[in-house]
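Pasted below: work.pdb, PDB, N, CA and C atoms.
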```pdb
ATOM      1  N   MET R 823      -3.972 -45.365 -53.700  1.00  0.00           N
ATOM      2  CA  MET R 823      -4.999 -45.134 -52.712  1.00  0.00           C
ATOM      3  C   MET R 823      -6.364 -45.290 -53.376  1.00  0.00           C
ATOM      4  N   ASN R 824      -7.234 -45.995 -52.725  1.00  0.00           N
ATOM      5  CA  ASN R 824      -8.605 -46.168 -53.207  1.00  0.00           C
ATOM      6  C   ASN R 824      -9.441 -44.990 -52.703  1.00  0.00           C
ATOM      7  N   LYS R 825      -9.809 -44.107 -53.618  1.00  0.00           N
ATOM      8  CA  LYS R 825     -10.600 -42.923 -53.253  1.00  0.00           C
ATOM      9  C   LYS R 825     -12.087 -43.267 -53.374  1.00  0.00           C
ATOM     10  N   HIS R 826     -12.573 -44.057 -52.424  1.00  0.00           N
ATOM     11  CA  HIS R 826     -13.939 -44.584 -52.472  1.00  0.00           C
ATOM     12  C   HIS R 826     -15.012 -43.488 -52.466  1.00  0.00           C
ATOM     13  N   TRP R 827     -14.677 -42.311 -51.962  1.00  0.00           N
ATOM     14  CA  TRP R 827     -15.645 -41.212 -51.900  1.00  0.00           C
ATOM     15  C   TRP R 827     -15.981 -40.649 -53.277  1.00  0.00           C
ATOM     16  N   LEU R 828     -15.113 -40.854 -54.265  1.00  0.00           N
ATOM     17  CA  LEU R 828     -15.352 -40.305 -55.595  1.00  0.00           C
ATOM     18  C   LEU R 828     -16.629 -40.848 -56.229  1.00  0.00           C
ATOM     19  N   LYS R 829     -17.016 -42.061 -55.900  1.00  0.00           N
ATOM     20  CA  LYS R 829     -18.238 -42.613 -56.486  1.00  0.00           C
ATOM     21  C   LYS R 829     -19.490 -41.904 -55.976  1.00  0.00           C
ATOM     22  N   SER R 830     -19.358 -41.113 -54.910  1.00  0.00           N
ATOM     23  CA  SER R 830     -20.479 -40.345 -54.374  1.00  0.00           C
ATOM     24  C   SER R 830     -20.603 -38.961 -55.001  1.00  0.00           C
ATOM     25  N   TYR R 831     -19.602 -38.551 -55.779  1.00  0.00           N
ATOM     26  CA  TYR R 831     -19.635 -37.230 -56.411  1.00  0.00           C
ATOM     27  C   TYR R 831     -20.730 -37.180 -57.466  1.00  0.00           C
ATOM     28  N   PRO R 832     -21.482 -36.106 -57.551  1.00  0.00           N
ATOM     29  CA  PRO R 832     -22.484 -35.954 -58.615  1.00  0.00           C
ATOM     30  C   PRO R 832     -21.803 -35.884 -59.981  1.00  0.00           C
ATOM     31  N   ASP R 833     -22.545 -36.190 -61.030  1.00  0.00           N
ATOM     32  CA  ASP R 833     -22.022 -36.071 -62.387  1.00  0.00           C
ATOM     33  C   ASP R 833     -21.526 -34.655 -62.633  1.00  0.00           C
ATOM     34  N   GLY R 834     -20.399 -34.540 -63.297  1.00  0.00           N
ATOM     35  CA  GLY R 834     -19.863 -33.235 -63.639  1.00  0.00           C
ATOM     36  C   GLY R 834     -18.927 -32.642 -62.610  1.00  0.00           C
ATOM     37  N   VAL R 835     -18.800 -33.264 -61.439  1.00  0.00           N
ATOM     38  CA  VAL R 835     -17.896 -32.758 -60.413  1.00  0.00           C
ATOM     39  C   VAL R 835     -16.512 -33.356 -60.658  1.00  0.00           C
ATOM     40  N   ALA R 836     -15.531 -32.483 -60.806  1.00  0.00           N
ATOM     41  CA  ALA R 836     -14.166 -32.939 -61.081  1.00  0.00           C
ATOM     42  C   ALA R 836     -13.609 -33.739 -59.910  1.00  0.00           C
ATOM     43  N   HIS R 837     -12.841 -34.751 -60.234  1.00  0.00           N
ATOM     44  CA  HIS R 837     -12.197 -35.557 -59.202  1.00  0.00           C
ATOM     45  C   HIS R 837     -10.840 -34.980 -58.818  1.00  0.00           C
ATOM     46  N   GLU R 838     -10.294 -34.134 -59.666  1.00  0.00           N
ATOM     47  CA  GLU R 838      -8.998 -33.505 -59.421  1.00  0.00           C
ATOM     48  C   GLU R 838      -9.095 -32.021 -59.759  1.00  0.00           C
ATOM     49  N   THR R 839      -8.287 -31.205 -59.101  1.00  0.00           N
ATOM     50  CA  THR R 839      -8.194 -29.781 -59.400  1.00  0.00           C
ATOM     51  C   THR R 839      -6.722 -29.447 -59.606  1.00  0.00           C
ATOM     52  N   ASP R 840      -6.428 -28.731 -60.676  1.00  0.00           N
ATOM     53  CA  ASP R 840      -5.060 -28.316 -60.941  1.00  0.00           C
ATOM     54  C   ASP R 840      -4.714 -27.160 -60.005  1.00  0.00           C
ATOM     55  N   PRO R 841      -3.817 -27.354 -59.056  1.00  0.00           N
ATOM     56  CA  PRO R 841      -3.516 -26.296 -58.090  1.00  0.00           C
ATOM     57  C   PRO R 841      -2.865 -25.069 -58.723  1.00  0.00           C
ATOM     58  N   GLU R 842      -2.287 -25.218 -59.902  1.00  0.00           N
ATOM     59  CA  GLU R 842      -1.662 -24.082 -60.588  1.00  0.00           C
ATOM     60  C   GLU R 842      -2.700 -23.176 -61.258  1.00  0.00           C
ATOM     61  N   GLN R 843      -3.935 -23.635 -61.348  1.00  0.00           N
ATOM     62  CA  GLN R 843      -4.991 -22.904 -62.028  1.00  0.00           C
ATOM     63  C   GLN R 843      -5.455 -21.684 -61.230  1.00  0.00           C
ATOM     64  N   PHE R 844      -5.275 -21.693 -59.912  1.00  0.00           N
ATOM     65  CA  PHE R 844      -5.773 -20.635 -59.040  1.00  0.00           C
ATOM     66  C   PHE R 844      -4.655 -20.075 -58.169  1.00  0.00           C
ATOM     67  N   ARG R 845      -4.694 -18.772 -57.912  1.00  0.00           N
ATOM     68  CA  ARG R 845      -3.696 -18.133 -57.059  1.00  0.00           C
ATOM     69  C   ARG R 845      -3.916 -18.475 -55.587  1.00  0.00           C
ATOM     70  N   SER R 846      -5.189 -18.714 -55.217  1.00  0.00           N
ATOM     71  CA  SER R 846      -5.520 -18.964 -53.818  1.00  0.00           C
ATOM     72  C   SER R 846      -6.853 -19.701 -53.735  1.00  0.00           C
ATOM     73  N   LEU R 847      -7.176 -20.179 -52.546  1.00  0.00           N
ATOM     74  CA  LEU R 847      -8.485 -20.799 -52.334  1.00  0.00           C
ATOM     75  C   LEU R 847      -9.599 -19.783 -52.512  1.00  0.00           C
ATOM     76  N   ASN R 848      -9.334 -18.544 -52.138  1.00  0.00           N
ATOM     77  CA  ASN R 848     -10.330 -17.502 -52.314  1.00  0.00           C
ATOM     78  C   ASN R 848     -10.646 -17.302 -53.791  1.00  0.00           C
ATOM     79  N   GLN R 849      -9.625 -17.312 -54.658  1.00  0.00           N
ATOM     80  CA  GLN R 849      -9.871 -17.163 -56.089  1.00  0.00           C
ATOM     81  C   GLN R 849     -10.681 -18.346 -56.616  1.00  0.00           C
ATOM     82  N   LEU R 850     -10.371 -19.553 -56.179  1.00  0.00           N
ATOM     83  CA  LEU R 850     -11.139 -20.739 -56.571  1.00  0.00           C
ATOM     84  C   LEU R 850     -12.606 -20.561 -56.192  1.00  0.00           C
ATOM     85  N   ARG R 851     -12.855 -20.105 -54.984  1.00  0.00           N
ATOM     86  CA  ARG R 851     -14.223 -19.895 -54.495  1.00  0.00           C
ATOM     87  C   ARG R 851     -14.934 -18.807 -55.311  1.00  0.00           C
ATOM     88  N   GLU R 852     -14.291 -17.689 -55.498  1.00  0.00           N
ATOM     89  CA  GLU R 852     -14.897 -16.591 -56.248  1.00  0.00           C
ATOM     90  C   GLU R 852     -15.199 -16.992 -57.696  1.00  0.00           C
ATOM     91  N   ASP R 853     -14.256 -17.667 -58.338  1.00  0.00           N
ATOM     92  CA  ASP R 853     -14.468 -18.122 -59.717  1.00  0.00           C
ATOM     93  C   ASP R 853     -15.637 -19.102 -59.794  1.00  0.00           C
ATOM     94  N   SER R 854     -15.739 -19.980 -58.803  1.00  0.00           N
ATOM     95  CA  SER R 854     -16.838 -20.950 -58.775  1.00  0.00           C
ATOM     96  C   SER R 854     -18.182 -20.254 -58.599  1.00  0.00           C
ATOM     97  N   PHE R 855     -18.236 -19.251 -57.714  1.00  0.00           N
ATOM     98  CA  PHE R 855     -19.477 -18.509 -57.518  1.00  0.00           C
ATOM     99  C   PHE R 855     -19.913 -17.813 -58.800  1.00  0.00           C
ATOM    100  N   LYS R 856     -18.969 -17.197 -59.502  1.00  0.00           N
ATOM    101  CA  LYS R 856     -19.294 -16.513 -60.753  1.00  0.00           C
ATOM    102  C   LYS R 856     -19.774 -17.501 -61.815  1.00  0.00           C
ATOM    103  N   LYS R 857     -19.103 -18.637 -61.914  1.00  0.00           N
ATOM    104  CA  LYS R 857     -19.423 -19.644 -62.926  1.00  0.00           C
ATOM    105  C   LYS R 857     -20.804 -20.257 -62.694  1.00  0.00           C
ATOM    106  N   LYS R 858     -21.179 -20.444 -61.458  1.00  0.00           N
ATOM    107  CA  LYS R 858     -22.419 -21.146 -61.108  1.00  0.00           C
ATOM    108  C   LYS R 858     -23.457 -20.222 -60.468  1.00  0.00           C
ATOM    109  N   ALA R 859     -23.360 -18.925 -60.710  1.00  0.00           N
ATOM    110  CA  ALA R 859     -24.183 -17.934 -60.014  1.00  0.00           C
ATOM    111  C   ALA R 859     -25.688 -18.172 -60.136  1.00  0.00           C
ATOM    112  N   SER R 860     -26.136 -18.724 -61.232  1.00  0.00           N
ATOM    113  CA  SER R 860     -27.578 -18.886 -61.434  1.00  0.00           C
ATOM    114  C   SER R 860     -28.116 -20.206 -60.883  1.00  0.00           C
ATOM    115  N   GLN R 861     -27.265 -21.037 -60.311  1.00  0.00           N
ATOM    116  CA  GLN R 861     -27.695 -22.346 -59.828  1.00  0.00           C
ATOM    117  C   GLN R 861     -27.846 -22.342 -58.305  1.00  0.00           C
ATOM    118  N   PRO R 862     -28.790 -23.135 -57.781  1.00  0.00           N
ATOM    119  CA  PRO R 862     -28.916 -23.250 -56.322  1.00  0.00           C
ATOM    120  C   PRO R 862     -27.676 -23.946 -55.745  1.00  0.00           C
ATOM    121  N   PHE R 863     -27.416 -23.715 -54.469  1.00  0.00           N
ATOM    122  CA  PHE R 863     -26.250 -24.340 -53.850  1.00  0.00           C
ATOM    123  C   PHE R 863     -26.617 -24.869 -52.467  1.00  0.00           C
ATOM    124  N   PRO R 864     -25.982 -25.982 -52.063  1.00  0.00           N
ATOM    125  CA  PRO R 864     -26.282 -26.540 -50.743  1.00  0.00           C
ATOM    126  C   PRO R 864     -25.661 -25.690 -49.647  1.00  0.00           C
ATOM    127  N   VAL R 865     -26.399 -25.567 -48.564  1.00  0.00           N
ATOM    128  CA  VAL R 865     -25.888 -24.830 -47.414  1.00  0.00           C
ATOM    129  C   VAL R 865     -25.483 -25.821 -46.336  1.00  0.00           C
ATOM    130  N   CYS R 866     -26.380 -26.711 -46.001  1.00  0.00           N
ATOM    131  CA  CYS R 866     -26.097 -27.722 -44.990  1.00  0.00           C
ATOM    132  C   CYS R 866     -27.030 -28.899 -45.220  1.00  0.00           C
ATOM    133  N   LEU R 867     -26.459 -30.020 -45.555  1.00  0.00           N
ATOM    134  CA  LEU R 867     -27.198 -31.248 -45.792  1.00  0.00           C
ATOM    135  C   LEU R 867     -28.307 -31.034 -46.826  1.00  0.00           C
ATOM    136  N   ASP R 868     -29.563 -31.029 -46.414  1.00  0.00           N
ATOM    137  CA  ASP R 868     -30.656 -30.950 -47.388  1.00  0.00           C
ATOM    138  C   ASP R 868     -31.205 -29.543 -47.568  1.00  0.00           C
ATOM    139  N   ARG R 869     -30.575 -28.536 -47.001  1.00  0.00           N
ATOM    140  CA  ARG R 869     -31.026 -27.142 -47.151  1.00  0.00           C
ATOM    141  C   ARG R 869     -30.347 -26.519 -48.356  1.00  0.00           C
ATOM    142  N   TRP R 870     -31.109 -25.867 -49.206  1.00  0.00           N
ATOM    143  CA  TRP R 870     -30.584 -25.267 -50.433  1.00  0.00           C
ATOM    144  C   TRP R 870     -30.915 -23.774 -50.468  1.00  0.00           C
ATOM    145  N   MET R 871     -30.038 -23.002 -51.084  1.00  0.00           N
ATOM    146  CA  MET R 871     -30.222 -21.553 -51.221  1.00  0.00           C
ATOM    147  C   MET R 871     -30.212 -21.221 -52.710  1.00  0.00           C
ATOM    148  N   GLU R 872     -30.892 -20.159 -53.064  1.00  0.00           N
ATOM    149  CA  GLU R 872     -30.864 -19.642 -54.436  1.00  0.00           C
ATOM    150  C   GLU R 872     -29.938 -18.428 -54.447  1.00  0.00           C
ATOM    151  N   ALA R 873     -29.174 -18.286 -55.533  1.00  0.00           N
ATOM    152  CA  ALA R 873     -28.320 -17.103 -55.663  1.00  0.00           C
ATOM    153  C   ALA R 873     -29.203 -15.881 -55.779  1.00  0.00           C
ATOM    154  N   GLY R 874     -28.758 -14.807 -55.186  1.00  0.00           N
ATOM    155  CA  GLY R 874     -29.606 -13.771 -55.098  1.00  0.00           C
ATOM    156  C   GLY R 874     -29.704 -12.494 -55.586  1.00  0.00           C
TER     157      GLY R 874
END
```
Exercise: express the given structure as structure tokens:
Amino acid sequence: MNKHWLKSYPDGVAHETDPEQFRSLNQLREDSFKKKASQPFPVCLDRWMEAG
């Protein structure tokens, strides 16, 4: 399969995720928030929020 959307990913964004690494989607989300807590995050299209 040609995953043409991967070329739109920003640098540093993984193209694959090991599903065995996380117990649930919630754990993936929580771990990501903790890891990137000091960085701004997109909310919708061009709107950005700062961690607070």
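The gap separating atom CA of Leu847 of chain R from atom CA of Arg869 of chain R is 24.0 Å, in Å to one decimal.
With atom CA of Glu852 of chain R on one side and atom N of Asp833 of chain R on the other, the separation reads 21.6 Å.
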Write down as a ChimeraX atom specification the residues of chain R whose backbone DSSP state falls under strand (DSSP E). /R:863-866,869-871
From a DSSP pass on the backbone, collect the residues of chain R flagged as helix (DSSP H, G or I) and hand them back as a list in words. His826, Trp827, Leu828, Lys829, Ser830, Pro841, Glu842, Gln843, Leu847, Asn848, Gln849, Leu850, Arg851, Glu852, Asp853, Ser854, Phe855, Lys856 and Lys857 of chain R
N, CA and C atoms of the current selection, written as a PDB file, in the coordinates of the input:
```pdb
ATOM      1  N   HIS R 826     -12.573 -44.057 -52.424  1.00  0.00           N
ATOM      2  CA  HIS R 826     -13.939 -44.584 -52.472  1.00  0.00           C
ATOM      3  C   HIS R 826     -15.012 -43.488 -52.466  1.00  0.00           C
ATOM      4  N   TRP R 827     -14.677 -42.311 -51.962  1.00  0.00           N
ATOM      5  CA  TRP R 827     -15.645 -41.212 -51.900  1.00  0.00           C
ATOM      6  C   TRP R 827     -15.981 -40.649 -53.277  1.00  0.00           C
ATOM      7  N   LEU R 828     -15.113 -40.854 -54.265  1.00  0.00           N
ATOM      8  CA  LEU R 828     -15.352 -40.305 -55.595  1.00  0.00           C
ATOM      9  C   LEU R 828     -16.629 -40.848 -56.229  1.00  0.00           C
ATOM     10  N   LYS R 829     -17.016 -42.061 -55.900  1.00  0.00           N
ATOM     11  CA  LYS R 829     -18.238 -42.613 -56.486  1.00  0.00           C
ATOM     12  C   LYS R 829     -19.490 -41.904 -55.976  1.00  0.00           C
ATOM     13  N   SER R 830     -19.358 -41.113 -54.910  1.00  0.00           N
ATOM     14  CA  SER R 830     -20.479 -40.345 -54.374  1.00  0.00           C
ATOM     15  C   SER R 830     -20.603 -38.961 -55.001  1.00  0.00           C
ATOM     16  N   PRO R 841      -3.817 -27.354 -59.056  1.00  0.00           N
ATOM     17  CA  PRO R 841      -3.516 -26.296 -58.090  1.00  0.00           C
ATOM     18  C   PRO R 841      -2.865 -25.069 -58.723  1.00  0.00           C
ATOM     19  N   GLU R 842      -2.287 -25.218 -59.902  1.00  0.00           N
ATOM     20  CA  GLU R 842      -1.662 -24.082 -60.588  1.00  0.00           C
ATOM     21  C   GLU R 842      -2.700 -23.176 -61.258  1.00  0.00           C
ATOM     22  N   GLN R 843      -3.935 -23.635 -61.348  1.00  0.00           N
ATOM     23  CA  GLN R 843      -4.991 -22.904 -62.028  1.00  0.00           C
ATOM     24  C   GLN R 843      -5.455 -21.684 -61.230  1.00  0.00           C
ATOM     25  N   LEU R 847      -7.176 -20.179 -52.546  1.00  0.00           N
ATOM     26  CA  LEU R 847      -8.485 -20.799 -52.334  1.00  0.00           C
ATOM     27  C   LEU R 847      -9.599 -19.783 -52.512  1.00  0.00           C
ATOM     28  N   ASN R 848      -9.334 -18.544 -52.138  1.00  0.00           N
ATOM     29  CA  ASN R 848     -10.330 -17.502 -52.314  1.00  0.00           C
ATOM     30  C   ASN R 848     -10.646 -17.302 -53.791  1.00  0.00           C
ATOM     31  N   GLN R 849      -9.625 -17.312 -54.658  1.00  0.00           N
ATOM     32  CA  GLN R 849      -9.871 -17.163 -56.089  1.00  0.00           C
ATOM     33  C   GLN R 849     -10.681 -18.346 -56.616  1.00  0.00           C
ATOM     34  N   LEU R 850     -10.371 -19.553 -56.179  1.00  0.00           N
ATOM     35  CA  LEU R 850     -11.139 -20.739 -56.571  1.00  0.00           C
ATOM     36  C   LEU R 850     -12.606 -20.561 -56.192  1.00  0.00           C
ATOM     37  N   ARG R 851     -12.855 -20.105 -54.984  1.00  0.00           N
ATOM     38  CA  ARG R 851     -14.223 -19.895 -54.495  1.00  0.00           C
ATOM     39  C   ARG R 851     -14.934 -18.807 -55.311  1.00  0.00           C
ATOM     40  N   GLU R 852     -14.291 -17.689 -55.498  1.00  0.00           N
ATOM     41  CA  GLU R 852     -14.897 -16.591 -56.248  1.00  0.00           C
ATOM     42  C   GLU R 852     -15.199 -16.992 -57.696  1.00  0.00           C
ATOM     43  N   ASP R 853     -14.256 -17.667 -58.338  1.00  0.00           N
ATOM     44  CA  ASP R 853     -14.468 -18.122 -59.717  1.00  0.00           C
ATOM     45  C   ASP R 853     -15.637 -19.102 -59.794  1.00  0.00           C
ATOM     46  N   SER R 854     -15.739 -19.980 -58.803  1.00  0.00           N
ATOM     47  CA  SER R 854     -16.838 -20.950 -58.775  1.00  0.00           C
ATOM     48  C   SER R 854     -18.182 -20.254 -58.599  1.00  0.00           C
ATOM     49  N   PHE R 855     -18.236 -19.251 -57.714  1.00  0.00           N
ATOM     50  CA  PHE R 855     -19.477 -18.509 -57.518  1.00  0.00           C
ATOM     51  C   PHE R 855     -19.913 -17.813 -58.800  1.00  0.00           C
ATOM     52  N   LYS R 856     -18.969 -17.197 -59.502  1.00  0.00           N
ATOM     53  CA  LYS R 856     -19.294 -16.513 -60.753  1.00  0.00           C
ATOM     54  C   LYS R 856     -19.774 -17.501 -61.815  1.00  0.00           C
ATOM     55  N   LYS R 857     -19.103 -18.637 -61.914  1.00  0.00           N
ATOM     56  CA  LYS R 857     -19.423 -19.644 -62.926  1.00  0.00           C
ATOM     57  C   LYS R 857     -20.804 -20.257 -62.694  1.00  0.00           C
TER      58      LYS R 857
END
```
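Picture a line from atom CA of Lys829 of chain R to atom C of Arg845 of chain R; it runs 28.1 Å.
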Write out as JSON an axis-aligned box for segment 833-836 of chain R: all of its atoms listed in the file, 8 Å added on each side, centre and edge lengths in Å with one decimal.
```
{"center_x": -18.1, "center_y": -34.3, "center_z": -61.8, "size_x": 24.9, "size_y": 19.7, "size_z": 19.7}
```
